[in-house]
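Here the structure comes first, spelled out in structure tokens, and everything after it is commentary.
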Amino acid sequence: MPSYPYVLLSAAVSLDGYLDDTTPERLLLSSPADFDRVDEVRASVDAILIGAGTIRADNPRLLVNSAERRAVRVAAGKPEYPLKVTVSASGELDPTANFWHTGGDKIVYTTEKGAERLRRTPVAADVVALGAELDWRGLLEHLREVRGVERLMVEGGGTIHTQLLQQGLADELQLVLAPLFVGDPDAPRLFGPGGYQGGRLRLLETRRIEDVVLMRYEPTAPGAGALPSAADRHWLALACDLAAQCPPSETAFSVGAVVVAADGTELARGHSREGDDPVVHAEEAALAKIAAGDPRLASATVYSSLEPCTRRASRPTPCARLILAAGVRRVVTAWREPDTFVVGADGSGVLAGGGVGVLVLPGYEKRAKAPNSHLLP
């Protein structure tokens, strides 16, 4: 399973949802204090990404302006500036733009055709061709696996923000609301056609910064099929946190589980040995809190820190069978059940045989094992 950076979308908009107006000069939506906050966020990430259209329209330098923040990065063993990233399918880029001639390392992600163009008209950056078409998952995987980027800040434009949200690849949206109206239908908006169809986002924070308001949101809608979404990672992390709340045991694993509807609504959560029941399993505890026949279960996802069980001594029905009986058709887990208590357990196989899609995210295995370390070799 490929790993991606944490993707943070950052934007400022007018009260009527515009990123800019149509005048030649850039419309400054943020306040001075918020520009400083953005500089702080830039200093905290490993890479900053903008689209080629933003380079053409704004000609930004995309720097960490604070010398003190740059010094902190260097003291921590990081480059003075984050990696600067842009995306261009055509490869049509101005080699004289500020983007290439300020800051540290740069990289362009493009298509095979775009790479050919950049060989004829090069820019001061590494060039990575993603194939015949741009592939956001391939881009993020390359940034994480090849360039070591763990946190990516995306500063636009609107098309890029829209695509990353629509494909379930954005972990967080930081949106600044400015107290003015643009009112020009030809001006660029934050989100393009189709918008975001992934249900409600969770509000993480609101903060007044001079005359603007910062709002931080987290997508909550589960992914579809075998393609993990950023929300899948958030929910599985919560399941792992719930596992850490289990009363300790020498004869059973500590497991956490969360059941989430397709629109991102949390239906229930549970953990092993919850409440006064010393033998209840996490998935069992969570499902018991949802009314039988709830129509949302058919399109829900069960997140479990450990693969659902197929055999158990304490109750007649194992968790894999409970999930099938509930009508759930998607399960995301961090860890396949070892042979510690049941040899040859294959909850994923039982679920798949019943028509359930099972997705294992091994990047969370260490967190899922942590409360069970005393049971493992």
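Chain labels run A, B, ... following the order of the structure tokens; each chain numbers its residues from 1, and ligands are numbered from 1 in the order shown.
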Inset, instruction - Run DSSP on the backbone and grab whatever in region 72-317 of chain A lands in strand (DSSP E or B); send it over as number ranges by chain. - result: A: 83-88, 106-110, 126-129, 151-154, 172-177, 189, 201-209, 212-219, 224, 227, 256-260, 266-271, 301-304
Inset, instruction - Could you find all residues in region 72-203 of chain A that DSSP calls helix (DSSP H, G or I) from the backbone, and write them as a ChimeraX atom specification? - result: /A:72-75,98-101,112-120,136-145,158-166
Hey, what's within 6 Å of region 16-23 of chain A if we count only C-alpha atoms and toss same-chain stuff fewer than 6 positions away? As a PDB file with N, CA, C and O atoms, in the first residue's frame, please?
```pdb
ATOM      1  N   PHE A 181     -16.368  41.429  -0.472  1.00  0.00           N
ATOM      2  CA  PHE A 181     -17.037  40.738  -1.563  1.00  0.00           C
ATOM      3  C   PHE A 181     -16.311  41.067  -2.865  1.00  0.00           C
ATOM      4  O   PHE A 181     -15.838  42.182  -3.063  1.00  0.00           O
ATOM      5  N   ALA A 187     -14.300  35.924 -11.877  1.00  0.00           N
ATOM      6  CA  ALA A 187     -13.150  35.794 -10.982  1.00  0.00           C
ATOM      7  C   ALA A 187     -12.987  34.335 -10.554  1.00  0.00           C
ATOM      8  O   ALA A 187     -13.953  33.557 -10.531  1.00  0.00           O
ATOM      9  N   PRO A 188     -11.765  33.932 -10.198  1.00  0.00           N
ATOM     10  CA  PRO A 188     -11.531  32.532  -9.807  1.00  0.00           C
ATOM     11  C   PRO A 188     -12.128  32.209  -8.447  1.00  0.00           C
ATOM     12  O   PRO A 188     -12.020  32.991  -7.503  1.00  0.00           O
ATOM     13  N   ARG A 189     -12.773  31.053  -8.367  1.00  0.00           N
ATOM     14  CA  ARG A 189     -13.347  30.578  -7.120  1.00  0.00           C
ATOM     15  C   ARG A 189     -12.436  29.531  -6.482  1.00  0.00           C
ATOM     16  O   ARG A 189     -11.572  28.958  -7.142  1.00  0.00           O
ATOM     17  N   LEU A 190     -12.681  29.281  -5.194  1.00  0.00           N
ATOM     18  CA  LEU A 190     -11.873  28.299  -4.482  1.00  0.00           C
ATOM     19  C   LEU A 190     -12.067  26.900  -5.053  1.00  0.00           C
ATOM     20  O   LEU A 190     -11.111  26.172  -5.272  1.00  0.00           O
TER      21      LEU A 190
END
```
Inset, instruction - Might you pull out every residue within 9 Å of Asp34 (chain A), with only C-alpha atoms counted and same-chain residues fewer than 2 positions away left off, and present them as an NGL selection string? - result: :A and (30-32 or 36-39 or 176 or 209-210 or 212 or 214)
Inset, instruction - Quick one: pull the distance between CA of Leu236 (chain A) and CA of His374 (chain A), Å, one decimal. - result: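 The value is 21.9 Å.
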Legend entry - Test item: residues at most 10 Å from Gly199 (chain A), only C-alpha atoms, excluding those fewer than 3 positions along its chain, as a count of residues only: 11
Inset, instruction - Quick one: everything within 9 Å of Glu92 (chain A), counting only C-alpha atoms, minus sequence neighbours fewer than 5 positions away in the same chain. Send it as a PyMOL selection string. - result: chain A and resi 52+114+117-118+121
Write the residues of the preceding selection, restricted to all heavy atoms, as a CSV table (one decimal), in the first residue's frame.
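Wrote again_28.csv, looks like this:
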```csv
chain,number,residue,atom,x,y,z
A,52,ALA,N,0.7,25.5,-11.9
A,52,ALA,CA,1.4,26.3,-12.9
A,52,ALA,C,0.6,27.6,-13.2
A,52,ALA,O,1.1,28.7,-13.4
A,52,ALA,CB,1.5,25.6,-14.2
A,114,GLY,N,4.6,16.8,-21.5
A,114,GLY,CA,5.1,18.0,-20.8
A,114,GLY,C,6.6,17.9,-20.5
A,114,GLY,O,7.4,18.9,-20.7
A,117,ARG,N,8.6,18.9,-23.6
A,117,ARG,CA,8.6,20.4,-23.8
A,117,ARG,C,9.6,21.0,-22.8
A,117,ARG,O,10.4,21.9,-23.2
A,117,ARG,CB,7.2,20.9,-23.5
A,117,ARG,CG,7.1,22.5,-23.7
A,117,ARG,CD,5.8,23.0,-23.3
A,117,ARG,NE,5.7,24.4,-23.7
A,117,ARG,CZ,4.9,24.9,-24.7
A,117,ARG,NH1,4.2,24.1,-25.3
A,117,ARG,NH2,4.9,26.2,-25.0
A,118,LEU,N,9.7,20.5,-21.6
A,118,LEU,CA,10.7,21.0,-20.7
A,118,LEU,C,12.1,20.7,-21.0
A,118,LEU,O,13.0,21.4,-20.6
A,118,LEU,CB,10.3,20.6,-19.2
A,118,LEU,CG,9.1,21.2,-18.6
A,118,LEU,CD1,8.6,20.5,-17.4
A,118,LEU,CD2,9.4,22.7,-18.3
A,121,THR,N,12.7,23.6,-23.4
A,121,THR,CA,12.7,24.9,-22.7
A,121,THR,C,12.8,24.6,-21.2
A,121,THR,O,11.8,24.6,-20.5
A,121,THR,CB,11.4,25.7,-23.0
A,121,THR,OG1,11.2,25.7,-24.4
A,121,THR,CG2,11.5,27.1,-22.5
```
Which residues of region 99-173 of chain A come within 10 Å of region 61-72 of chain A, and what is each one's closest atom pair and distance in Å (one decimal), counting only C-alpha atoms, sorted by chain and residue number, as JSON lines?
```
{"residue": "A:Phe99", "atom": "CA", "partner": "A:Arg61", "partner_atom": "CA", "distance": 4.9}
{"residue": "A:Trp100", "atom": "CA", "partner": "A:Arg61", "partner_atom": "CA", "distance": 8.1}
{"residue": "A:His101", "atom": "CA", "partner": "A:Arg61", "partner_atom": "CA", "distance": 8.0}
{"residue": "A:Thr102", "atom": "CA", "partner": "A:Arg61", "partner_atom": "CA", "distance": 6.1}
{"residue": "A:Gly103", "atom": "CA", "partner": "A:Leu63", "partner_atom": "CA", "distance": 6.0}
{"residue": "A:Gly104", "atom": "CA", "partner": "A:Leu63", "partner_atom": "CA", "distance": 8.9}
{"residue": "A:Glu155", "atom": "CA", "partner": "A:Leu62", "partner_atom": "CA", "distance": 9.4}
```
Just N, CA, C and O atoms for this one: save the residues we selected as a CSV table (one decimal), in the first residue's frame.
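Result file is out.csv:
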```
chain,number,residue,atom,x,y,z
A,99,PHE,N,9.5,31.8,-9.1
A,99,PHE,CA,9.5,30.5,-8.5
A,99,PHE,C,10.8,29.7,-8.6
A,99,PHE,O,11.2,29.0,-7.6
A,100,TRP,N,11.4,29.8,-9.7
A,100,TRP,CA,12.7,29.0,-10.0
A,100,TRP,C,13.9,29.6,-9.4
A,100,TRP,O,14.9,28.9,-9.3
A,101,HIS,N,13.9,30.9,-9.1
A,101,HIS,CA,15.1,31.6,-8.8
A,101,HIS,C,15.2,32.1,-7.3
A,101,HIS,O,16.0,33.0,-7.0
A,102,THR,N,14.3,31.6,-6.5
A,102,THR,CA,14.3,31.9,-5.1
A,102,THR,C,14.1,30.7,-4.3
A,102,THR,O,13.6,29.7,-4.8
A,103,GLY,N,14.6,30.7,-3.0
A,103,GLY,CA,14.4,29.5,-2.2
A,103,GLY,C,15.3,28.3,-2.5
A,103,GLY,O,16.4,28.5,-3.1
A,104,GLY,N,14.9,27.1,-2.1
A,104,GLY,CA,15.7,26.0,-2.2
A,104,GLY,C,15.4,25.1,-3.4
A,104,GLY,O,15.2,25.6,-4.5
A,155,GLU,N,-1.0,25.4,-1.8
A,155,GLU,CA,-1.5,26.8,-1.8
A,155,GLU,C,-2.3,27.2,-3.1
A,155,GLU,O,-2.5,28.3,-3.4
```
Inset, instruction - Select, from A:Val279, A:Cys240, A:Ala76, A:Val343, the residue with the minimum atom-to-atom distance to Gly363 (chain A), counting only C-alpha atoms. - result: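 For Gly363 (chain A), the nearest of the given residues is A:Cys240.
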Legend entry - Shell of 8 Å around region 160-170 of chain A, only C-alpha atoms, local chain residues under 3 positions omitted, as a VMD selection string: chain A and resid 6 to 9 51 136 to 137 154 156 to 157 173 190 to 192 195 to 198 219 223 228 to 231
Inset, instruction - Quote the spacing between CA of Glu283 (chain A) and CA of Val258 (chain A) in Å to one decimal place. - result: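 Separation of CA of Glu283 (chain A) and CA of Val258 (chain A): 7.6 Å.
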Inset, instruction - Just give me the gap between CA of Ala282 (chain A) and CA of Tyr4 (chain A) in Å, one decimal is fine. - result: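 Separation between CA of Ala282 (chain A) and CA of Tyr4 (chain A): 28.0 Å.
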